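Source file: input15.csv (CSV, C-alpha atoms)
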chain,number,residue,atom,x,y,z
A,1,MET,CA,11.9,-30.0,14.5
A,2,ILE,CA,9.1,-27.4,13.7
A,3,GLY,CA,8.3,-24.7,16.2
A,4,PHE,CA,5.0,-22.8,16.5
A,5,ILE,CA,4.4,-19.6,18.4
A,6,GLY,CA,1.0,-17.9,18.8
A,7,LEU,CA,-2.0,-20.1,19.9
A,8,GLY,CA,-4.9,-17.7,19.5
A,9,LEU,CA,-8.3,-18.2,17.9
A,10,MET,CA,-6.7,-19.4,14.7
A,11,GLY,CA,-3.3,-20.5,15.8
A,12,GLN,CA,-4.4,-23.1,18.3
A,13,PRO,CA,-6.3,-25.3,15.9
A,14,MET,CA,-3.6,-24.8,13.3
A,15,ALA,CA,-0.9,-26.0,15.8
A,16,VAL,CA,-3.1,-29.0,16.8
A,17,ASN,CA,-3.2,-30.2,13.1
A,18,LEU,CA,0.6,-29.6,12.8
A,19,ALA,CA,1.3,-31.6,16.0
A,20,LYS,CA,-0.8,-34.5,14.8
A,21,ALA,CA,1.5,-34.7,11.7
A,22,GLY,CA,4.8,-34.8,13.5
A,23,PRO,CA,7.2,-33.4,16.1
A,24,LEU,CA,6.3,-29.9,17.2
A,25,VAL,CA,7.5,-27.5,19.9
A,26,VAL,CA,5.1,-24.7,20.9
A,27,TRP,CA,5.1,-21.6,23.0
A,28,ASN,CA,2.4,-19.0,23.9
A,29,ARG,CA,2.4,-16.0,26.1
A,30,THR,CA,-0.7,-17.4,27.9
A,31,PRO,CA,0.5,-20.9,28.9
A,32,ASP,CA,-2.9,-22.6,29.2
A,33,ARG,CA,-3.4,-22.1,25.4
A,34,CYS,CA,-0.8,-24.7,24.9
A,35,GLU,CA,-2.8,-27.5,26.6
A,36,PRO,CA,-4.9,-28.7,23.6
A,37,VAL,CA,-1.7,-28.8,21.5
A,38,ALA,CA,0.3,-30.7,24.1
A,39,ALA,CA,-2.6,-33.2,24.4
A,40,VAL,CA,-2.0,-34.3,20.8
A,41,GLY,CA,1.8,-34.7,21.3
A,42,ALA,CA,3.4,-31.2,21.1
A,43,GLU,CA,6.2,-30.3,23.4
A,44,VAL,CA,5.7,-27.0,25.3
A,45,ALA,CA,8.7,-24.7,25.5
A,46,ALA,CA,9.4,-22.4,28.5
A,47,SER,CA,10.1,-19.4,26.3
A,48,ALA,CA,10.1,-18.2,22.7
A,49,ALA,CA,13.9,-18.3,22.7
A,50,GLU,CA,13.7,-22.1,23.5
A,51,VAL,CA,11.5,-22.6,20.4
A,52,PHE,CA,14.1,-21.0,18.2
A,53,ALA,CA,16.9,-22.9,19.8
A,54,ARG,CA,15.2,-26.2,19.1
A,55,ALA,CA,13.5,-25.7,15.8
A,56,ASP,CA,14.8,-25.3,12.2
A,57,VAL,CA,11.4,-23.9,11.0
A,58,VAL,CA,9.4,-21.6,13.2
A,59,VAL,CA,5.8,-20.7,12.4
A,60,LEU,CA,4.4,-17.5,13.8
A,61,MET,CA,0.7,-16.8,14.1
A,62,LEU,CA,0.6,-13.7,16.1
A,63,ALA,CA,-1.8,-10.8,16.5
A,64,ASP,CA,0.3,-7.9,15.2
A,65,GLU,CA,3.7,-6.5,14.3
A,66,PRO,CA,4.9,-5.6,17.8
A,67,ALA,CA,4.1,-9.2,18.9
A,68,VAL,CA,6.2,-10.6,16.1
A,69,ASP,CA,9.0,-8.2,16.8
A,70,ALA,CA,9.0,-9.1,20.5
A,71,VAL,CA,9.1,-12.9,19.8
A,72,LEU,CA,12.0,-12.4,17.4
A,73,ALA,CA,13.8,-10.0,19.8
A,74,ARG,CA,14.1,-7.7,16.7
A,75,GLY,CA,16.2,-4.7,17.4
A,76,THR,CA,18.4,-6.5,19.9
A,77,GLU,CA,21.6,-8.5,19.6
A,78,GLU,CA,19.6,-11.7,20.3
A,79,PHE,CA,17.6,-11.3,17.0
A,80,ALA,CA,20.4,-12.7,14.8
A,81,GLU,CA,21.0,-15.6,17.2
A,82,ARG,CA,17.3,-16.5,17.0
A,83,VAL,CA,16.9,-16.4,13.2
A,84,ARG,CA,20.3,-17.3,11.9
A,85,GLY,CA,20.1,-20.6,10.0
A,86,ARG,CA,16.3,-20.9,10.5
A,87,THR,CA,13.3,-20.4,8.4
A,88,VAL,CA,10.7,-18.0,9.8
A,89,VAL,CA,7.2,-18.6,8.5
A,90,GLN,CA,5.0,-15.5,9.3
A,91,MET,CA,1.3,-16.5,8.9
A,92,GLY,CA,-0.4,-13.5,10.5
A,93,THR,CA,-2.0,-10.6,8.6
A,94,MET,CA,0.4,-7.7,8.9
A,95,ALA,CA,1.3,-4.5,7.1
A,96,ALA,CA,2.9,-5.2,3.7
A,97,ALA,CA,5.7,-2.7,4.1
A,98,TRP,CA,6.5,-4.0,7.6
A,99,SER,CA,6.7,-7.6,6.2
A,100,GLN,CA,9.1,-6.4,3.5
A,101,GLY,CA,11.3,-4.9,6.1
A,102,LEU,CA,11.3,-8.0,8.2
A,103,GLU,CA,12.4,-10.1,5.2
A,104,VAL,CA,15.4,-7.8,4.7
A,105,ASP,CA,16.4,-8.0,8.4
A,106,ILE,CA,16.1,-11.8,8.6
A,107,ALA,CA,18.1,-12.2,5.5
A,108,ALA,CA,20.8,-9.9,6.8
A,109,ALA,CA,21.0,-12.0,10.0
A,110,GLY,CA,21.4,-15.2,8.0
A,111,GLY,CA,17.9,-16.5,8.2
A,112,THR,CA,15.1,-17.2,5.7
A,113,TYR,CA,11.7,-15.5,5.7
A,114,VAL,CA,8.5,-16.9,4.2
A,115,GLU,CA,5.3,-14.8,4.2
A,116,ALA,CA,2.3,-17.2,4.5
A,117,PRO,CA,-1.0,-15.5,5.4
A,118,VAL,CA,-4.1,-17.7,5.1
A,119,SER,CA,-7.6,-17.4,3.9
A,120,GLY,CA,-10.2,-18.9,6.2
A,121,SER,CA,-11.5,-18.6,9.7
A,122,ARG,CA,-11.5,-20.9,12.8
A,123,GLY,CA,-13.7,-23.6,11.1
A,124,PRO,CA,-11.3,-24.2,8.2
A,125,ALA,CA,-8.4,-23.9,10.7
A,126,GLU,CA,-9.8,-26.8,12.7
A,127,ALA,CA,-10.5,-28.8,9.6
A,128,GLY,CA,-7.0,-28.2,8.1
A,129,THR,CA,-8.6,-26.7,5.0
A,130,LEU,CA,-7.1,-23.1,5.0
A,131,ILE,CA,-5.7,-21.7,1.8
A,132,ALA,CA,-2.1,-20.4,2.3
A,133,MET,CA,-0.7,-17.7,0.1
A,134,VAL,CA,3.1,-17.8,0.2
A,135,SER,CA,5.9,-15.4,-0.8
A,136,GLY,CA,9.7,-15.7,-0.4
A,137,GLU,CA,12.7,-17.3,-1.8
A,138,HIS,CA,12.3,-20.7,-0.2
A,139,VAL,CA,8.6,-21.4,-0.4
A,140,GLU,CA,9.1,-25.0,-1.6
A,141,HIS,CA,10.9,-25.8,1.7
A,142,VAL,CA,7.9,-24.8,3.8
A,143,LYS,CA,5.1,-26.4,1.7
A,144,PRO,CA,5.3,-29.7,3.7
A,145,VAL,CA,5.1,-27.7,6.9
A,146,LEU,CA,1.9,-26.0,5.7
A,147,ALA,CA,0.3,-29.1,4.3
A,148,PRO,CA,-1.3,-30.4,7.6
A,149,MET,CA,-2.9,-26.9,8.1
A,150,CYS,CA,-3.9,-26.0,4.6
A,151,ALA,CA,-5.8,-27.6,1.7
A,152,GLN,CA,-3.9,-25.6,-0.8
A,153,VAL,CA,-0.7,-23.5,-0.9
A,154,VAL,CA,-0.6,-20.8,-3.6
A,155,GLU,CA,2.7,-19.0,-4.6
A,156,CYS,CA,2.3,-15.3,-4.9
A,157,GLY,CA,5.7,-14.1,-6.0
A,158,PRO,CA,8.2,-12.0,-3.9
A,159,VAL,CA,7.4,-10.5,-0.5
A,160,PRO,CA,4.9,-8.8,0.2
A,161,GLY,CA,2.9,-10.4,-2.6
A,162,ALA,CA,1.2,-12.9,-0.4
A,163,LEU,CA,0.0,-10.3,2.0
A,164,LEU,CA,-1.3,-8.1,-0.8
A,165,MET,CA,-3.1,-11.1,-2.3
A,166,LYS,CA,-4.6,-11.7,1.2
A,167,PHE,CA,-5.8,-8.1,1.2
A,168,ALA,CA,-7.5,-8.5,-2.2
A,169,VAL,CA,-9.2,-11.7,-1.0
A,170,ASN,CA,-10.3,-10.0,2.2
A,171,ILE,CA,-12.0,-7.1,0.4
A,172,PHE,CA,-14.4,-9.7,-1.0
A,173,LEU,CA,-14.8,-11.4,2.3
A,174,ILE,CA,-15.5,-8.3,4.3
A,175,THR,CA,-17.9,-6.7,1.8
A,176,LEU,CA,-19.7,-10.1,1.5
A,177,ALA,CA,-20.2,-10.5,5.3
A,178,THR,CA,-21.3,-6.8,5.6
A,179,GLY,CA,-23.8,-7.2,2.7
A,180,LEU,CA,-25.3,-10.3,4.3
A,181,SER,CA,-25.6,-8.6,7.6
A,182,GLU,CA,-27.4,-5.7,5.9
A,183,SER,CA,-29.8,-8.2,4.2
A,184,TYR,CA,-30.8,-9.7,7.6
A,185,VAL,CA,-31.3,-6.3,9.2
A,186,PHE,CA,-33.5,-5.2,6.3
A,187,ALA,CA,-35.5,-8.5,6.5
A,188,GLU,CA,-35.8,-8.2,10.2
A,189,ALA,CA,-37.1,-4.6,10.0
A,190,HIS,CA,-39.8,-5.7,7.5
A,191,GLY,CA,-41.0,-8.6,9.6
A,192,LEU,CA,-39.7,-11.3,7.2
A,193,ASP,CA,-39.0,-14.8,8.4
A,194,LEU,CA,-35.2,-15.1,8.7
A,195,GLY,CA,-35.3,-18.9,8.3
A,196,THR,CA,-36.9,-18.4,4.9
A,197,LEU,CA,-34.3,-15.8,3.9
A,198,THR,CA,-31.6,-18.3,4.9
A,199,THR,CA,-33.1,-21.1,2.9
A,200,ILE,CA,-33.2,-18.9,-0.2
A,201,LEU,CA,-29.7,-17.5,0.2
A,202,ASP,CA,-28.2,-20.9,0.9
A,203,ALA,CA,-29.8,-22.5,-2.1
A,204,GLY,CA,-29.1,-19.6,-4.5
A,205,PRO,CA,-26.3,-18.9,-7.0
A,206,MET,CA,-24.5,-16.6,-4.6
A,207,ALA,CA,-24.1,-19.2,-1.9
A,208,SER,CA,-20.6,-20.3,-0.7
A,209,ALA,CA,-19.1,-22.0,2.4
A,210,VAL,CA,-18.6,-18.5,3.9
A,211,SER,CA,-22.0,-17.2,3.1
A,212,ARG,CA,-23.7,-20.3,4.6
A,213,ALA,CA,-21.7,-20.0,7.8
A,214,LYS,CA,-22.7,-16.3,8.1
A,215,THR,CA,-26.4,-16.8,7.2
A,216,ALA,CA,-26.7,-19.4,9.9
A,217,LYS,CA,-25.2,-17.0,12.4
A,218,LEU,CA,-27.4,-14.1,11.4
A,219,ARG,CA,-30.5,-16.2,11.4
A,220,ASP,CA,-29.8,-17.5,14.9
A,221,SER,CA,-28.2,-14.3,16.3
A,222,ASP,CA,-25.2,-16.4,17.0
A,223,TYR,CA,-22.1,-14.2,17.3
A,224,ALA,CA,-19.6,-16.7,18.8
A,225,PRO,CA,-16.4,-15.8,16.9
A,226,GLN,CA,-15.1,-17.6,13.9
A,227,ALA,CA,-13.4,-14.4,12.8
A,228,ALA,CA,-13.7,-11.7,15.4
A,229,ALA,CA,-14.9,-8.2,14.5
A,230,LEU,CA,-11.9,-6.6,16.1
A,231,ASP,CA,-9.6,-8.6,13.9
A,232,VAL,CA,-11.6,-7.8,10.8
A,233,LEU,CA,-11.4,-4.1,11.7
A,234,LYS,CA,-7.6,-4.4,11.9
A,235,ASN,CA,-7.5,-6.2,8.6
A,236,ASN,CA,-9.8,-3.6,7.1
A,237,ARG,CA,-7.4,-0.9,8.2
A,238,LEU,CA,-4.4,-2.6,6.7
A,239,ILE,CA,-6.1,-3.0,3.4
A,240,ALA,CA,-7.3,0.6,3.4
A,241,GLU,CA,-3.7,1.8,4.1
A,242,ALA,CA,-2.4,-0.4,1.2
A,243,ALA,CA,-5.1,1.0,-1.1
A,244,ARG,CA,-4.1,4.6,-0.2
A,245,ALA,CA,-0.5,3.9,-0.7
A,246,ALA,CA,-1.2,2.5,-4.2
A,247,GLY,CA,-3.6,5.4,-5.0
A,248,VAL,CA,-6.5,3.1,-5.6
A,249,ALA,CA,-10.1,3.8,-4.5
A,250,SER,CA,-11.8,1.3,-2.1
A,251,PRO,CA,-15.3,2.8,-1.7
A,252,LEU,CA,-17.0,-0.4,-0.5
A,253,LEU,CA,-14.2,-1.3,1.9
A,254,ASP,CA,-14.3,2.2,3.3
A,255,VAL,CA,-18.0,1.9,4.3
A,256,CYS,CA,-17.2,-1.5,5.9
A,257,HIS,CA,-14.3,0.1,7.8
A,258,ALA,CA,-16.6,2.6,9.3
A,259,LEU,CA,-19.3,0.0,10.2
A,260,PHE,CA,-16.8,-2.4,11.8
A,261,ARG,CA,-15.3,0.5,13.8
A,262,GLU,CA,-18.8,1.3,15.1
A,263,ALA,CA,-19.5,-2.4,15.9
A,264,VAL,CA,-16.3,-2.5,18.0
A,265,GLU,CA,-17.2,0.8,19.7
A,266,LEU,CA,-20.6,-0.7,20.6
A,267,GLY,CA,-18.8,-3.5,22.4
A,268,HIS,CA,-18.8,-6.3,19.8
A,269,GLY,CA,-15.1,-6.5,19.1
A,270,GLY,CA,-14.9,-10.1,20.4
A,271,SER,CA,-18.0,-11.2,18.5
A,272,ASP,CA,-18.0,-12.8,15.1
A,273,MET,CA,-17.7,-10.4,12.1
A,274,ALA,CA,-21.5,-11.0,11.5
A,275,ALA,CA,-21.9,-8.7,14.5
A,276,VAL,CA,-21.4,-5.8,12.1
A,277,ALA,CA,-25.2,-6.1,12.0
A,278,HIS,CA,-25.3,-4.3,15.3
A,279,ALA,CA,-23.7,-1.3,13.8
A,280,ILE,CA,-26.2,-1.3,11.0
A,281,ARG,CA,-29.1,-1.5,13.5
A,282,ALA,CA,-27.6,1.3,15.5
A,283,ARG,CA,-27.6,3.6,12.4
A,284,SER,CA,-31.3,2.7,11.6

Just give me the structure as structure tokens.
Amino acid sequence: MIGFIGLGLMGQPMAVNLAKAGPLVVWNRTPDRCEPVAAVGAEVAASAAEVFARADVVVLMLADEPAVDAVLARGTEEFAERVRGRTVVQMGTMAAAWSQGLEVDIAAAGGTYVEAPVSGSRGPAEAGTLIAMVSGEHVEHVKPVLAPMCAQVVECGPVPGALLMKFAVNIFLITLATGLSESYVFAEAHGLDLGTLTTILDAGPMASAVSRAKTAKLRDSDYAPQAAALDVLKNNRLIAEAARAAGVASPLLDVCHALFREAVELGHGGSDMAAVAHAIRARS
């Protein structure tokens, strides 16, 4: 049996795809988030402890490190009981050093840890076309578990290699989305037709699935979240911390970090990352 904990913006569609593929038991702190997954055959557990009691592999897609620690009962006697003999697949974007420490603790308790962050937003999560980056000693064991959720699974060496690879990918993603937002604010200020700008960008050599999704949002002022600005700010912070720890400069990312912080402070934390345009307008 496979378990899944964490049915947020990304986790819910991921769990739906996993439930369609085979037996699944799920739990979420907000129970009504389980309903779409139960509708396609998943069993709903009464607690996180029940998921661990019933599943050999438990997938975690949670918001932050304290949430993961709480679900694992880390720091208590119950922690070893939950993870012993089980494979914990941690798919959220967390601090690299924290993930390394979690692997040590799970191994000491007799469990197996696989780090498996993904590249992609809610759209690819719904389509089952995420790209998973995996690190750990038993990644082959979890590839069939990841297959219903991901178009590709890429091995990234020992923990925390997968998270660091995710950070490298996200530098490009964050700077891309910020640059597109600045393009639209510039065009808007000069009275240019945003539909024409979208046509040119979508047809040009820089176009990608991500850029086309964001150009449509910016053209239409549609900020319904695919990847929320608050989550992007958190990821930006984690990348900046990793850059500082390695002594490497991240000048573009640092500008984006400030802009996303300003967008969140302006009240757009729950909006799509394209809402960073609001911070650019506010500076203008």

Checklist line | Who sits within 9 Å of Met149 in chain A, only C-alpha atoms, same chain under 4 positions skipped, as an NGL selection string | finding: :A and (13-18 or 124-132 or 145)

Note to self: Could you tell me how far CA of Pro225 in chain A sits from CA of Leu7 in chain A, in Å to one decimal place?
What the structure shows: 15.3 Å

Notebook entry, point to check: Skipping near chain neighbours, those fewer than 3 positions away, what residues fall within 12 Å of range 31-44 of chain A using only C-alpha atoms, listed as number ranges by chain?
Noted result: A: 1-28, 47-48, 50-51, 54-55

Next item on the list: Can you work out the spacing between CA of Thr87 in chain A and CA of Gly111 in chain A in Å, to one decimal?
Entry: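 Answer for the CA of Thr87 in chain A to CA of Gly111 in chain A separation: 6.0 Å.
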
Notebook entry, point to check: Which residue out of A:Thr196, A:Thr178, A:Gln226, A:Thr30 has the minimum interatomic distance to Asp272 in chain A when only C-alpha atoms are used?
Noted result: A:Gln226

Taking all atoms listed in the file into account, produce a table as JSON lines in which each residue of range 195-237 of chain A with an atom at most 12 Å from an atom of range 116-122 of chain A appears once, together with its shortest atom pair and the distance in Å to one decimal, ordered by chain and rising number.
{"residue": "A:Ala209", "atom": "CA", "partner": "A:Gly120", "partner_atom": "CA", "distance": 10.2}
{"residue": "A:Val210", "atom": "CA", "partner": "A:Gly120", "partner_atom": "CA", "distance": 8.7}
{"residue": "A:Ala213", "atom": "CA", "partner": "A:Ser121", "partner_atom": "CA", "distance": 10.5}
{"residue": "A:Lys214", "atom": "CA", "partner": "A:Ser121", "partner_atom": "CA", "distance": 11.5}
{"residue": "A:Ala224", "atom": "CA", "partner": "A:Arg122", "partner_atom": "CA", "distance": 10.9}
{"residue": "A:Pro225", "atom": "CA", "partner": "A:Arg122", "partner_atom": "CA", "distance": 8.2}
{"residue": "A:Gln226", "atom": "CA", "partner": "A:Arg122", "partner_atom": "CA", "distance": 5.0}
{"residue": "A:Ala227", "atom": "CA", "partner": "A:Ser121", "partner_atom": "CA", "distance": 5.6}
{"residue": "A:Ala228", "atom": "CA", "partner": "A:Ser121", "partner_atom": "CA", "distance": 9.2}
{"residue": "A:Ala229", "atom": "CA", "partner": "A:Ser121", "partner_atom": "CA", "distance": 11.9}
{"residue": "A:Asp231", "atom": "CA", "partner": "A:Ser121", "partner_atom": "CA", "distance": 11.0}
{"residue": "A:Val232", "atom": "CA", "partner": "A:Ser121", "partner_atom": "CA", "distance": 10.9}
{"residue": "A:Asn235", "atom": "CA", "partner": "A:Pro117", "partner_atom": "CA", "distance": 11.8}

Next item on the list: Have a look at A:Ala45, A:Ile106, A:Ala70, A:Val83 and name the one nearest to Val58 in chain A; count only C-alpha atoms.
Entry: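 Ranking A:Ala45, A:Ile106, A:Ala70, A:Val83 by distance to Val58 in chain A, first place goes to A:Val83.
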
Margin query: With only C-alpha atoms as the counted atoms, please give the residues lying no more than 9 Å from range 242-252 of chain A, apart from itself and same-chain residues fewer than 5 positions off, as a ChimeraX atom specification.
Written below: /A:95-97,164,167,171,175,237,257

Export of prior selection with C-alpha atoms as a CSV table (one decimal), keeping the file's coordinate frame:
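And here is the file that came out, selection30.csv:
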chain,number,residue,atom,x,y,z
A,95,ALA,CA,1.3,-4.5,7.1
A,96,ALA,CA,2.9,-5.2,3.7
A,97,ALA,CA,5.7,-2.7,4.1
A,164,LEU,CA,-1.3,-8.1,-0.8
A,167,PHE,CA,-5.8,-8.1,1.2
A,171,ILE,CA,-12.0,-7.1,0.4
A,175,THR,CA,-17.9,-6.7,1.8
A,237,ARG,CA,-7.4,-0.9,8.2
A,257,HIS,CA,-14.3,0.1,7.8

Next item on the list: Write out as a list of chain:residue names the residues lying within 7 Å of Thr215 in chain A, counting only C-alpha atoms and excluding same-chain residues fewer than 4 positions away.
Entry: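 So, after excluding close chain neighbours, the residues are A:Thr198, A:Ser211, A:Arg219.
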
Margin query: List as a PyMOL selection string the residues having at least one atom at most 12 Å from position (-21.2, -3.1, 20.1) as given in the file, counting all atoms listed in the file.
Written below: chain A and resi 223+229-230+259-282

Next item on the list: Return the single residue from A:Ala151, A:Val185, A:Ala67, A:Val88 that is closest to Phe52 in chain A, with distances computed using all atoms listed in the file.
Entry: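 Selected residue with least distance to Phe52 in chain A: A:Val88.
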